[in-house]
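Visitor: Okay, so here is input-v7.csv, and as you'll see once you scroll down, it has CSV, C-alpha atoms.
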```
chain,number,residue,atom,x,y,z
B,1,MET,CA,-45.3,-74.7,69.6
B,2,PHE,CA,-45.1,-74.6,73.4
B,3,THR,CA,-43.9,-72.3,76.1
B,4,ILE,CA,-42.3,-73.6,79.4
B,5,SER,CA,-44.3,-72.2,82.2
B,6,LYS,CA,-42.9,-74.1,85.2
B,7,CYS,CA,-39.7,-76.0,86.0
B,8,ILE,CA,-39.7,-78.4,89.0
B,9,LEU,CA,-36.7,-80.3,90.5
B,10,ARG,CA,-37.5,-83.3,92.7
B,11,GLU,CA,-34.8,-84.7,94.9
B,12,THR,CA,-35.7,-88.4,95.2
B,13,TYR,CA,-34.8,-91.2,97.5
B,14,ILE,CA,-35.6,-94.8,96.7
B,15,PRO,CA,-34.6,-97.8,98.9
B,16,PHE,CA,-33.4,-101.0,97.2
B,17,ASN,CA,-34.8,-104.5,97.7
B,18,VAL,CA,-31.2,-105.8,97.4
B,19,SER,CA,-27.9,-103.9,97.9
B,20,PHE,CA,-25.2,-103.4,95.3
B,21,SER,CA,-21.4,-103.3,95.8
B,22,HIS,CA,-18.4,-102.8,93.5
B,23,ALA,CA,-14.8,-101.7,93.7
B,24,THR,CA,-15.6,-98.0,94.3
B,25,PHE,CA,-19.0,-97.9,96.1
B,26,SER,CA,-21.7,-99.9,97.9
B,27,ARG,CA,-25.3,-98.8,98.0
B,28,ASN,CA,-28.7,-100.0,99.3
B,29,HIS,CA,-30.7,-97.0,98.0
B,30,VAL,CA,-30.5,-94.3,95.4
B,31,LYS,CA,-30.6,-90.5,95.6
B,32,GLY,CA,-31.7,-89.1,92.3
B,33,ILE,CA,-32.9,-86.0,90.5
B,34,ILE,CA,-36.1,-85.8,88.5
B,35,VAL,CA,-36.8,-82.7,86.3
B,36,GLU,CA,-40.4,-81.9,85.6
B,37,LEU,CA,-41.2,-79.3,82.9
B,38,HIS,CA,-44.7,-77.9,82.4
B,39,SER,CA,-45.9,-76.1,79.3
B,40,SER,CA,-48.5,-73.3,79.1
B,41,ASN,CA,-50.7,-75.6,77.0
B,42,GLY,CA,-51.1,-78.2,79.7
B,43,PHE,CA,-48.4,-80.8,78.9
B,44,SER,CA,-45.6,-82.1,81.2
B,45,GLY,CA,-42.3,-83.8,80.5
B,46,TYR,CA,-40.0,-85.8,82.8
B,47,GLY,CA,-36.3,-86.3,82.9
B,48,GLU,CA,-34.0,-88.0,85.3
B,49,VAL,CA,-30.3,-88.2,86.3
B,50,LEU,CA,-28.3,-90.0,89.0
B,51,PRO,CA,-25.1,-88.0,89.5
B,52,ARG,CA,-22.1,-90.0,90.6
B,53,ASP,CA,-18.9,-88.1,91.4
B,54,TYR,CA,-16.7,-91.0,90.5
B,55,VAL,CA,-18.2,-91.1,87.0
B,56,SER,CA,-18.4,-87.5,85.8
B,57,GLY,CA,-17.1,-85.6,88.8
B,58,GLU,CA,-20.5,-84.1,89.5
B,59,THR,CA,-22.4,-84.5,92.8
B,60,HIS,CA,-26.1,-84.5,93.6
B,61,GLU,CA,-25.6,-81.1,95.2
B,62,SER,CA,-23.7,-79.5,92.3
B,63,VAL,CA,-26.4,-80.6,89.8
B,64,CYS,CA,-29.2,-79.3,91.9
B,65,TYR,CA,-27.4,-76.0,92.3
B,66,HIS,CA,-26.9,-75.5,88.5
B,67,LEU,CA,-30.5,-76.5,87.7
B,68,LEU,CA,-32.0,-74.1,90.2
B,69,ASN,CA,-29.6,-71.2,89.9
B,70,ASN,CA,-28.4,-71.3,86.3
B,71,ILE,CA,-30.5,-73.5,84.0
B,72,PHE,CA,-34.2,-73.2,85.2
B,73,PRO,CA,-34.2,-69.4,85.3
B,74,LYS,CA,-33.3,-69.3,81.6
B,75,MET,CA,-35.8,-72.0,80.7
B,76,ARG,CA,-38.9,-70.5,82.2
B,77,GLY,CA,-40.7,-68.7,79.4
B,78,LEU,CA,-38.7,-70.6,76.7
B,79,LYS,CA,-40.6,-70.9,73.5
B,80,ILE,CA,-40.1,-73.9,71.2
B,81,ALA,CA,-41.7,-73.7,67.8
B,82,ASP,CA,-40.7,-77.0,66.2
B,83,TYR,CA,-38.4,-80.0,66.4
B,84,GLU,CA,-35.5,-78.2,64.7
B,85,GLU,CA,-35.7,-75.3,67.2
B,86,LEU,CA,-35.7,-77.9,70.1
B,87,VAL,CA,-32.6,-79.7,68.8
B,88,ALA,CA,-30.9,-76.3,68.2
B,89,TRP,CA,-31.5,-75.4,71.9
B,90,ILE,CA,-30.2,-78.7,73.1
B,91,ASN,CA,-27.1,-78.5,70.8
B,92,ASN,CA,-26.4,-74.9,72.2
B,93,TYR,CA,-26.9,-76.0,75.8
B,94,TYR,CA,-23.3,-75.3,76.9
B,95,TYR,CA,-23.3,-71.9,75.1
B,96,THR,CA,-26.6,-70.9,76.8
B,97,ASN,CA,-25.4,-72.3,80.1
B,98,SER,CA,-21.8,-71.0,80.0
B,99,GLU,CA,-21.4,-71.5,83.8
B,100,LEU,CA,-21.1,-75.3,83.1
B,101,GLU,CA,-18.1,-77.1,81.7
B,102,THR,CA,-18.8,-79.6,78.8
B,103,ASN,CA,-17.9,-82.5,81.0
B,104,GLU,CA,-20.7,-81.6,83.4
B,105,THR,CA,-23.3,-83.8,81.6
B,106,CYS,CA,-25.8,-84.7,84.4
B,107,ALA,CA,-28.0,-81.6,84.4
B,108,LYS,CA,-28.1,-81.7,80.6
B,109,THR,CA,-29.3,-85.3,80.7
B,110,ALA,CA,-32.3,-84.6,82.9
B,111,VAL,CA,-33.3,-81.4,81.1
B,112,GLU,CA,-32.9,-82.9,77.6
B,113,ILE,CA,-35.0,-86.0,78.4
B,114,ALA,CA,-37.7,-83.8,79.9
B,115,LEU,CA,-37.7,-81.4,76.9
B,116,LEU,CA,-37.9,-84.3,74.4
B,117,ASP,CA,-40.7,-85.9,76.4
B,118,LEU,CA,-42.6,-82.6,76.6
B,119,PHE,CA,-42.2,-81.8,72.9
B,120,SER,CA,-43.3,-85.2,71.7
B,121,LYS,CA,-46.4,-85.1,73.9
B,122,SER,CA,-47.2,-81.6,72.7
B,123,VAL,CA,-47.3,-82.9,69.1
B,124,GLY,CA,-49.1,-86.1,70.0
B,125,LYS,CA,-46.3,-88.5,68.9
B,126,SER,CA,-44.0,-91.0,70.6
B,127,LEU,CA,-40.5,-89.8,71.2
B,128,LEU,CA,-39.2,-92.7,69.2
B,129,SER,CA,-41.1,-91.6,66.1
B,130,CYS,CA,-40.0,-87.9,66.7
B,131,LEU,CA,-36.4,-89.1,66.6
B,132,GLY,CA,-36.9,-91.0,63.3
B,133,GLY,CA,-37.8,-94.5,64.6
B,134,ASN,CA,-40.7,-96.7,63.5
B,135,ASP,CA,-42.0,-100.2,63.8
B,136,ASN,CA,-38.9,-101.5,62.1
B,137,SER,CA,-36.8,-100.0,65.0
B,138,LEU,CA,-38.5,-102.3,67.5
B,139,LYS,CA,-36.6,-105.4,68.4
B,140,ASN,CA,-37.0,-107.2,71.7
B,141,ILE,CA,-34.2,-106.5,74.2
B,142,GLU,CA,-32.5,-109.2,76.2
B,143,TYR,CA,-31.2,-107.7,79.5
B,144,SER,CA,-28.4,-109.1,81.6
B,145,ALA,CA,-28.4,-110.2,85.2
B,146,ILE,CA,-26.0,-108.2,87.4
B,147,PHE,CA,-24.2,-109.9,90.3
B,148,SER,CA,-22.6,-107.6,92.9
B,149,SER,CA,-19.3,-108.3,94.7
B,150,GLY,CA,-19.5,-109.7,98.1
B,151,SER,CA,-19.7,-112.8,100.3
B,152,GLU,CA,-21.3,-116.2,99.8
B,153,ALA,CA,-24.5,-114.8,101.3
B,154,THR,CA,-24.4,-111.9,98.7
B,155,TYR,CA,-24.0,-114.4,95.9
B,156,ARG,CA,-26.9,-116.5,97.2
B,157,GLN,CA,-29.1,-113.4,97.4
B,158,TYR,CA,-28.5,-112.6,93.7
B,159,TYR,CA,-28.9,-116.3,92.7
B,160,ASP,CA,-32.3,-116.5,94.4
B,161,ALA,CA,-33.4,-113.2,92.8
B,162,PHE,CA,-32.3,-114.0,89.2
B,163,SER,CA,-32.6,-117.8,88.8
B,164,PRO,CA,-36.4,-117.8,88.2
B,165,PHE,CA,-35.8,-115.6,85.2
B,166,GLN,CA,-33.3,-118.0,83.5
B,167,PHE,CA,-31.0,-115.3,82.2
B,168,ARG,CA,-28.5,-116.1,79.5
B,169,GLN,CA,-26.2,-113.1,80.0
B,170,PHE,CA,-24.5,-112.1,83.2
B,171,LYS,CA,-22.3,-109.4,84.5
B,172,PHE,CA,-20.2,-109.8,87.7
B,173,LYS,CA,-18.8,-106.8,89.6
B,174,VAL,CA,-15.2,-107.4,90.5
B,175,GLY,CA,-12.3,-105.5,92.2
B,176,LEU,CA,-12.7,-106.3,95.9
B,177,ASN,CA,-11.3,-109.9,96.3
B,178,ILE,CA,-9.8,-111.4,93.2
B,179,GLN,CA,-9.6,-115.0,94.3
B,180,GLN,CA,-13.2,-115.0,95.6
B,181,GLU,CA,-14.4,-113.3,92.4
B,182,LEU,CA,-12.7,-115.9,90.2
B,183,GLN,CA,-14.4,-118.6,92.1
B,184,MET,CA,-17.8,-116.9,91.9
B,185,VAL,CA,-17.5,-116.4,88.1
B,186,ALA,CA,-16.7,-120.1,87.7
B,187,ARG,CA,-19.7,-120.8,89.9
B,188,LEU,CA,-22.0,-118.9,87.6
B,189,ARG,CA,-21.4,-121.5,84.9
B,190,SER,CA,-22.0,-124.4,87.3
B,191,ASP,CA,-25.2,-122.8,88.6
B,192,PHE,CA,-26.6,-121.4,85.3
B,193,GLY,CA,-25.0,-123.6,82.6
B,194,ASN,CA,-22.0,-123.6,80.3
B,195,ASP,CA,-23.8,-121.8,77.5
B,196,ILE,CA,-24.3,-118.5,79.4
B,197,GLN,CA,-22.3,-115.4,78.5
B,198,VAL,CA,-20.4,-113.8,81.3
B,199,ARG,CA,-18.6,-110.4,81.5
B,200,ILE,CA,-17.0,-108.5,84.4
B,201,ASP,CA,-16.9,-104.9,85.6
B,202,ALA,CA,-13.9,-103.7,87.5
B,203,ASN,CA,-15.3,-100.2,87.9
B,204,GLY,CA,-11.8,-98.8,87.6
B,205,GLY,CA,-10.6,-100.7,90.6
B,206,TRP,CA,-7.4,-102.2,89.1
B,207,SER,CA,-3.9,-100.8,88.4
B,208,PHE,CA,-2.4,-101.6,85.0
B,209,GLU,CA,-0.3,-104.4,86.7
B,210,GLU,CA,-3.3,-105.9,88.3
B,211,ALA,CA,-5.3,-105.8,85.1
B,212,ALA,CA,-2.5,-107.5,83.2
B,213,GLU,CA,-2.5,-110.2,85.8
B,214,TYR,CA,-6.2,-110.7,86.2
B,215,LEU,CA,-7.6,-110.4,82.7
B,216,PRO,CA,-6.0,-113.6,81.4
B,217,GLN,CA,-7.4,-115.5,84.4
B,218,PHE,CA,-10.9,-114.3,83.8
B,219,ALA,CA,-10.5,-115.0,80.0
B,220,ASP,CA,-9.5,-118.6,80.9
B,221,LEU,CA,-12.9,-118.8,82.6
B,222,GLY,CA,-14.7,-117.8,79.4
B,223,VAL,CA,-15.4,-114.2,80.4
B,224,VAL,CA,-16.0,-112.3,77.1
B,225,CYS,CA,-15.6,-108.7,78.2
B,226,CYS,CA,-14.2,-106.6,81.0
B,227,GLU,CA,-15.7,-103.2,81.7
B,228,GLN,CA,-13.5,-100.3,82.9
B,229,PRO,CA,-10.5,-102.2,84.1
B,230,LEU,CA,-8.5,-99.0,85.0
B,231,HIS,CA,-9.5,-95.8,86.7
B,232,HIS,CA,-10.7,-93.2,84.2
B,233,LYS,CA,-7.7,-91.0,85.2
B,234,GLU,CA,-5.4,-93.8,84.0
B,235,ARG,CA,-6.9,-93.9,80.4
B,236,LEU,CA,-3.4,-93.4,78.9
B,237,PHE,CA,-2.7,-97.0,79.8
B,238,LEU,CA,-5.8,-98.4,78.1
B,239,PRO,CA,-4.4,-98.6,74.5
B,240,LYS,CA,-1.5,-100.7,75.8
B,241,LEU,CA,-3.8,-102.9,77.8
B,242,ASN,CA,-6.1,-103.3,74.8
B,243,LYS,CA,-3.2,-104.1,72.5
B,244,GLU,CA,-1.9,-106.8,74.9
B,245,PHE,CA,-5.1,-108.5,75.9
B,246,GLY,CA,-7.9,-107.3,73.6
B,247,GLU,CA,-7.8,-110.5,71.6
B,248,GLN,CA,-8.3,-112.6,74.7
B,249,ILE,CA,-11.1,-110.5,76.3
B,250,LEU,CA,-13.0,-107.4,75.0
B,251,LEU,CA,-12.2,-104.2,76.9
B,252,CYS,CA,-15.1,-101.8,77.5
B,253,ALA,CA,-15.0,-98.1,78.4
B,254,ASP,CA,-17.6,-96.9,81.0
B,255,GLU,CA,-16.4,-94.2,83.4
B,256,SER,CA,-13.8,-93.2,80.8
B,257,LEU,CA,-16.6,-92.5,78.3
B,258,CYS,CA,-18.7,-89.5,79.3
B,259,THR,CA,-18.4,-86.9,76.5
B,260,ILE,CA,-17.9,-86.7,72.7
B,261,ASP,CA,-14.3,-85.8,73.2
B,262,ASP,CA,-13.8,-88.9,75.4
B,263,ALA,CA,-15.3,-91.1,72.6
B,264,ILE,CA,-13.0,-89.6,69.9
B,265,TRP,CA,-9.9,-90.1,72.1
B,266,LEU,CA,-10.8,-93.7,72.9
B,267,ALA,CA,-11.5,-94.5,69.3
B,268,GLU,CA,-8.5,-92.8,67.7
B,269,ASN,CA,-6.2,-94.4,70.3
B,270,LYS,CA,-7.7,-97.9,69.9
B,271,ALA,CA,-8.1,-98.0,73.7
B,272,VAL,CA,-11.2,-100.3,73.8
B,273,SER,CA,-13.3,-102.4,71.6
B,274,VAL,CA,-16.7,-101.7,73.3
B,275,PHE,CA,-18.4,-98.4,74.4
B,276,ASN,CA,-20.8,-98.7,77.4
B,277,LEU,CA,-23.5,-96.1,76.6
B,278,ARG,CA,-25.5,-94.8,79.6
B,279,VAL,CA,-27.9,-92.0,78.9
B,280,SER,CA,-27.5,-90.7,82.5
B,281,LYS,CA,-23.7,-90.1,82.2
B,282,ASN,CA,-23.6,-89.3,78.5
B,283,GLY,CA,-25.6,-86.1,78.4
B,284,GLY,CA,-29.0,-87.4,77.3
B,285,ILE,CA,-30.5,-89.3,74.4
B,286,LEU,CA,-29.1,-87.2,71.5
B,287,ASP,CA,-25.5,-87.2,72.7
B,288,THR,CA,-25.7,-90.9,73.5
B,289,LEU,CA,-26.8,-91.4,69.9
B,290,LYS,CA,-23.8,-89.4,68.7
B,291,LEU,CA,-21.5,-91.6,70.8
B,292,ALA,CA,-23.1,-94.7,69.1
B,293,ASP,CA,-22.4,-93.1,65.7
B,294,ILE,CA,-18.7,-92.5,66.6
B,295,ALA,CA,-18.4,-96.1,67.7
B,296,SER,CA,-19.9,-97.3,64.4
B,297,LYS,CA,-17.5,-95.1,62.4
B,298,TYR,CA,-14.5,-96.7,64.1
B,299,GLY,CA,-15.7,-100.3,64.2
B,300,ILE,CA,-16.3,-100.2,68.0
B,301,SER,CA,-19.2,-102.2,69.5
B,302,CYS,CA,-21.7,-100.8,72.0
B,303,GLN,CA,-23.6,-102.0,75.0
B,304,LEU,CA,-26.5,-100.3,76.7
B,305,GLY,CA,-25.6,-99.6,80.2
B,306,ASN,CA,-27.5,-98.3,83.2
B,307,GLN,CA,-26.8,-96.6,86.5
B,308,VAL,CA,-28.0,-98.7,89.5
B,309,GLY,CA,-31.3,-97.2,90.7
B,310,GLU,CA,-32.7,-95.8,87.5
B,311,THR,CA,-36.5,-95.4,87.4
B,312,SER,CA,-38.6,-96.2,84.4
B,313,ILE,CA,-37.7,-92.7,83.0
B,314,LEU,CA,-34.1,-93.5,82.3
B,315,ALA,CA,-34.8,-97.1,81.5
B,316,ARG,CA,-37.1,-96.0,78.7
B,317,ALA,CA,-34.6,-93.4,77.5
B,318,GLY,CA,-32.1,-96.2,77.1
B,319,GLN,CA,-34.5,-98.4,75.3
B,320,ILE,CA,-35.1,-95.6,72.8
B,321,VAL,CA,-31.4,-95.3,72.1
B,322,ALA,CA,-31.2,-99.1,71.6
B,323,ALA,CA,-34.1,-99.1,69.3
B,324,LEU,CA,-32.7,-96.2,67.2
B,325,ARG,CA,-29.2,-97.7,66.8
B,326,GLY,CA,-29.6,-101.4,67.5
B,327,GLY,CA,-27.0,-104.2,67.3
B,328,PHE,CA,-25.8,-103.6,70.8
B,329,LEU,CA,-23.8,-106.5,72.3
B,330,PHE,CA,-25.4,-106.4,75.7
B,331,HIS,CA,-28.2,-104.5,77.5
B,332,GLU,CA,-28.4,-103.6,81.1
B,333,GLY,CA,-31.2,-102.0,83.1
B,334,ALA,CA,-35.0,-102.3,83.4
B,335,PHE,CA,-34.8,-103.7,86.9
B,336,GLY,CA,-38.0,-101.9,87.9
B,337,CYS,CA,-39.5,-103.0,91.2
B,338,MET,CA,-37.3,-106.0,91.3
B,339,LEU,CA,-34.7,-103.6,92.6
B,340,LEU,CA,-36.6,-100.5,93.5
B,341,GLN,CA,-39.1,-100.4,96.3
B,342,ASN,CA,-40.9,-97.7,94.4
B,343,ASP,CA,-41.0,-96.5,90.8
B,344,VAL,CA,-42.5,-93.5,89.1
B,345,CYS,CA,-45.3,-95.4,87.3
B,346,SER,CA,-47.7,-98.2,88.0
B,347,HIS,CA,-46.3,-100.4,85.2
B,348,SER,CA,-42.5,-100.4,85.6
B,349,VAL,CA,-40.2,-100.8,82.6
B,350,GLN,CA,-39.0,-104.2,83.8
B,351,PHE,CA,-37.6,-107.2,82.1
B,352,GLY,CA,-39.3,-110.6,82.1
B,353,HIS,CA,-38.3,-114.2,81.4
B,354,ARG,CA,-34.7,-114.6,80.2
B,355,GLY,CA,-34.3,-110.9,80.7
B,356,SER,CA,-36.5,-110.1,77.7
B,357,TYR,CA,-38.5,-106.9,77.2
B,358,VAL,CA,-41.0,-106.5,74.4
B,359,VAL,CA,-40.5,-102.9,73.3
B,360,LYS,CA,-43.7,-102.4,71.2
B,361,ASP,CA,-45.1,-100.1,73.9
B,362,ILE,CA,-42.5,-97.5,73.0
B,363,LEU,CA,-44.6,-96.4,70.1
B,364,SER,CA,-48.0,-96.8,71.7
B,365,GLN,CA,-48.1,-93.5,73.6
B,366,PRO,CA,-46.9,-89.9,73.2
B,367,GLY,CA,-43.6,-88.9,74.7
B,368,LEU,CA,-41.5,-91.5,76.5
B,369,GLY,CA,-44.5,-93.8,76.5
B,370,ILE,CA,-44.7,-94.3,80.2
B,371,ASN,CA,-47.4,-93.0,82.6
B,372,VAL,CA,-45.7,-91.1,85.3
B,373,SER,CA,-47.9,-90.9,88.4
B,374,ASP,CA,-47.9,-87.8,90.6
B,375,THR,CA,-48.8,-90.0,93.6
B,376,LYS,CA,-45.7,-92.3,93.0
B,377,LEU,CA,-43.5,-89.2,92.4
B,378,ASP,CA,-44.6,-87.8,95.7
B,379,ILE,CA,-43.7,-91.1,97.5
B,380,ILE,CA,-40.1,-90.9,96.3
B,381,THR,CA,-39.7,-87.1,96.6
B,382,LYS,CA,-37.7,-85.9,99.6
B,383,GLU,CA,-37.3,-82.2,98.5
B,384,ILE,CA,-39.1,-80.3,95.8
B,385,HIS,CA,-38.1,-77.0,94.2
B,386,GLN,CA,-40.0,-74.9,91.7
B,387,VAL,CA,-39.1,-72.1,89.3
B,388,GLY,CA,-42.2,-70.5,87.8
```
Please rewrite the model in this file as structure tokens.
Guide:
Amino acid sequence: MFTISKCILRETYIPFNVSFSHATFSRNHVKGIIVELHSSNGFSGYGEVLPRDYVSGETHESVCYHLLNNIFPKMRGLKIADYEELVAWINNYYYTNSELETNETCAKTAVEIALLDLFSKSVGKSLLSCLGGNDNSLKNIEYSAIFSSGSEATYRQYYDAFSPFQFRQFKFKVGLNIQQELQMVARLRSDFGNDIQVRIDANGGWSFEEAAEYLPQFADLGVVCCEQPLHHKERLFLPKLNKEFGEQILLCADESLCTIDDAIWLAENKAVSVFNLRVSKNGGILDTLKLADIASKYGISCQLGNQVGETSILARAGQIVAALRGGFLFHEGAFGCMLLQNDVCSHSVQFGHRGSYVVKDILSQPGLGINVSDTKLDIITKEIHQVG
């Protein structure tokens, strides 16, 4: 049992070592939110979220407001007796916090991860084992290289960064200049070999007519999957697009997939063949696992996604999801200090050669299994707020 004695919100800012661009945004830094929960028996848990208004409609400011004015005041003094009580509180989150709509997933993500981290530390177990995982859950992850849209100089920047790792899976951001992007995708094969696997991400930047024109062209180049071809507000056109082109190239839902209701609609309407699961946008670890279960029920594949700029907190949360469900087609994330100028721990959750990550350390420590450093947290913190 533990009692929450203090709730802290950190508004963070981390510069990137390289910039990222896609059809709807360009960034060279990340503004994030880290939730820090302390218990009366001396433990602390950490959660993280990166609100993106073009994904869930939430902003950095709106999430901070809800955490400080609605959620934290109710959490201070909260007593959790056991795992069942913890899960019940998480499942009743929107009932307890009736000021929020169920599509406002970001604050829930940060709070849930922090609570799970805190609980598992308080019982001296890894979070993976608390959620039912064991040694058999641990399979090494192969991460993908992500190329951003841009000029020849941009392509060269990513080539220089990724080529030493010898990746076999690549994702290319498209939606800015179709002819240039077709050439760049073809160039990936000439630069990295014909046996690589390539997919694209349009970030909702195409109309139905553009998608119908461009998808066959990318399929002819051997592209295996297209993520979010249409804007999430145009999801009614996804079933038709999938019916016409789904046998040539897999269609993957990202911004169209935030909630349980989204997943059910996409599945029942046969709108896509792949779910992109991102803990940050999907309401936390437990809801992301529920989305994976819906996908399995309907014969839909999954990939582990990430939001650009995640620290090791969200990277580890994603790894736990992948370990518990497994069989994902692709994995993204764990860029660590290759992308971030600063992370929250001394040993970043970061891929190695061929994008591989040996996940045995997930079970080696209580909680998330990362050592969050107060010093490193202070470096990236721009504003700090406390309740309790």
Visitor: Please, what distance in Å, to one decimal, runs between CA of Glu11 in chain B and CA of Asn103 in chain B?
Guide: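 So the two atoms, CA of Glu11 in chain B and CA of Asn103 in chain B, lie 22.0 Å apart.
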Visitor: Find the residues of range 73-186 of chain B that sit at most 12 Å from range 272-280 of chain B; for each, write down the nearest two atoms and how far apart they are in Å, to one decimal. Count all atoms listed in the file. Sort by chain, then by number going up, and give it as a Markdown table.
Guide:
```
| residue | atom | partner | partner_atom | distance |
| --- | --- | --- | --- | --- |
| B:Glu104 | CA | B:Ser280 | CA | 11.4 |
| B:Thr105 | CA | B:Ser280 | CA | 8.1 |
| B:Cys106 | CA | B:Ser280 | CA | 6.5 |
| B:Ala107 | CA | B:Ser280 | CA | 9.3 |
| B:Lys108 | CA | B:Ser280 | CA | 9.2 |
| B:Thr109 | CA | B:Ser280 | CA | 6.0 |
| B:Ala110 | CA | B:Ser280 | CA | 7.8 |
| B:Val111 | CA | B:Ser280 | CA | 11.0 |
| B:Glu112 | CA | B:Val279 | CA | 10.5 |
| B:Ile113 | CA | B:Val279 | CA | 9.3 |
```
Visitor: Quote the spacing between CA of Asp378 in chain B and CA of Ser62 in chain B in Å to one decimal place.
Guide: 22.7 Å
Visitor: CA of Ser207 in chain B and CA of Asn242 in chain B are how many Å apart?
Guide: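 Atom-to-atom, CA of Ser207 in chain B to CA of Asn242 in chain B, that is 14.0 Å.
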Visitor: Distance cut-off 12 Å, centre (-8.4, -90.5, 72.8) in file coordinates, counting only C-alpha atoms: which residues qualify? Return them as a PDB file with C-alpha atoms, in the frame of the given file.
Guide:
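The result, stored in out.pdb:
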```pdb
ATOM      1  CA  HIS B 232     -10.700 -93.200  84.200  1.00  0.00           C
ATOM      2  CA  ARG B 235      -6.900 -93.900  80.400  1.00  0.00           C
ATOM      3  CA  LEU B 236      -3.400 -93.400  78.900  1.00  0.00           C
ATOM      4  CA  PHE B 237      -2.700 -97.000  79.800  1.00  0.00           C
ATOM      5  CA  LEU B 238      -5.800 -98.400  78.100  1.00  0.00           C
ATOM      6  CA  PRO B 239      -4.400 -98.600  74.500  1.00  0.00           C
ATOM      7  CA  ALA B 253     -15.000 -98.100  78.400  1.00  0.00           C
ATOM      8  CA  SER B 256     -13.800 -93.200  80.800  1.00  0.00           C
ATOM      9  CA  LEU B 257     -16.600 -92.500  78.300  1.00  0.00           C
ATOM     10  CA  THR B 259     -18.400 -86.900  76.500  1.00  0.00           C
ATOM     11  CA  ILE B 260     -17.900 -86.700  72.700  1.00  0.00           C
ATOM     12  CA  ASP B 261     -14.300 -85.800  73.200  1.00  0.00           C
ATOM     13  CA  ASP B 262     -13.800 -88.900  75.400  1.00  0.00           C
ATOM     14  CA  ALA B 263     -15.300 -91.100  72.600  1.00  0.00           C
ATOM     15  CA  ILE B 264     -13.000 -89.600  69.900  1.00  0.00           C
ATOM     16  CA  TRP B 265      -9.900 -90.100  72.100  1.00  0.00           C
ATOM     17  CA  LEU B 266     -10.800 -93.700  72.900  1.00  0.00           C
ATOM     18  CA  ALA B 267     -11.500 -94.500  69.300  1.00  0.00           C
ATOM     19  CA  GLU B 268      -8.500 -92.800  67.700  1.00  0.00           C
ATOM     20  CA  ASN B 269      -6.200 -94.400  70.300  1.00  0.00           C
ATOM     21  CA  LYS B 270      -7.700 -97.900  69.900  1.00  0.00           C
ATOM     22  CA  ALA B 271      -8.100 -98.000  73.700  1.00  0.00           C
ATOM     23  CA  VAL B 272     -11.200-100.300  73.800  1.00  0.00           C
TER      24      VAL B 272
END
```
Visitor: Can you take the partial range 94-106 of chain B, add N, CA and C atoms, and return it as a PDB file, in the frame of the given file?
Guide:
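Result went into selection-v9.pdb, see below:
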```
ATOM      1  N   TYR B  94     -24.489 -75.751  76.173  1.00  0.00           N
ATOM      2  CA  TYR B  94     -23.300 -75.300  76.900  1.00  0.00           C
ATOM      3  C   TYR B  94     -23.028 -73.798  76.583  1.00  0.00           C
ATOM      4  N   TYR B  95     -23.454 -73.338  75.425  1.00  0.00           N
ATOM      5  CA  TYR B  95     -23.300 -71.900  75.100  1.00  0.00           C
ATOM      6  C   TYR B  95     -24.315 -71.097  75.925  1.00  0.00           C
ATOM      7  N   THR B  96     -25.554 -71.600  76.001  1.00  0.00           N
ATOM      8  CA  THR B  96     -26.600 -70.900  76.800  1.00  0.00           C
ATOM      9  C   THR B  96     -26.255 -70.948  78.268  1.00  0.00           C
ATOM     10  N   ASN B  97     -25.714 -72.079  78.713  1.00  0.00           N
ATOM     11  CA  ASN B  97     -25.400 -72.300  80.100  1.00  0.00           C
ATOM     12  C   ASN B  97     -23.865 -72.275  80.294  1.00  0.00           C
ATOM     13  N   SER B  98     -23.252 -71.131  80.059  1.00  0.00           N
ATOM     14  CA  SER B  98     -21.800 -71.000  80.000  1.00  0.00           C
ATOM     15  C   SER B  98     -21.164 -71.253  81.406  1.00  0.00           C
ATOM     16  N   GLU B  99     -21.972 -71.277  82.454  1.00  0.00           N
ATOM     17  CA  GLU B  99     -21.400 -71.500  83.800  1.00  0.00           C
ATOM     18  C   GLU B  99     -20.982 -72.986  83.947  1.00  0.00           C
ATOM     19  N   LEU B 100     -21.437 -73.866  83.056  1.00  0.00           N
ATOM     20  CA  LEU B 100     -21.100 -75.300  83.100  1.00  0.00           C
ATOM     21  C   LEU B 100     -19.978 -75.628  82.174  1.00  0.00           C
ATOM     22  N   GLU B 101     -19.145 -76.587  82.585  1.00  0.00           N
ATOM     23  CA  GLU B 101     -18.100 -77.100  81.700  1.00  0.00           C
ATOM     24  C   GLU B 101     -18.775 -78.258  80.863  1.00  0.00           C
ATOM     25  N   THR B 102     -18.175 -78.549  79.715  1.00  0.00           N
ATOM     26  CA  THR B 102     -18.800 -79.600  78.800  1.00  0.00           C
ATOM     27  C   THR B 102     -18.692 -80.967  79.377  1.00  0.00           C
ATOM     28  N   ASN B 103     -17.875 -81.184  80.413  1.00  0.00           N
ATOM     29  CA  ASN B 103     -17.900 -82.500  81.000  1.00  0.00           C
ATOM     30  C   ASN B 103     -18.882 -82.632  82.158  1.00  0.00           C
ATOM     31  N   GLU B 104     -19.651 -81.571  82.390  1.00  0.00           N
ATOM     32  CA  GLU B 104     -20.700 -81.600  83.400  1.00  0.00           C
ATOM     33  C   GLU B 104     -22.013 -82.010  82.614  1.00  0.00           C
ATOM     34  N   THR B 105     -22.244 -83.297  82.534  1.00  0.00           N
ATOM     35  CA  THR B 105     -23.300 -83.800  81.600  1.00  0.00           C
ATOM     36  C   THR B 105     -24.611 -84.113  82.340  1.00  0.00           C
ATOM     37  N   CYS B 106     -24.615 -84.159  83.670  1.00  0.00           N
ATOM     38  CA  CYS B 106     -25.800 -84.700  84.400  1.00  0.00           C
ATOM     39  C   CYS B 106     -27.027 -83.790  84.247  1.00  0.00           C
TER      40      CYS B 106
END
```
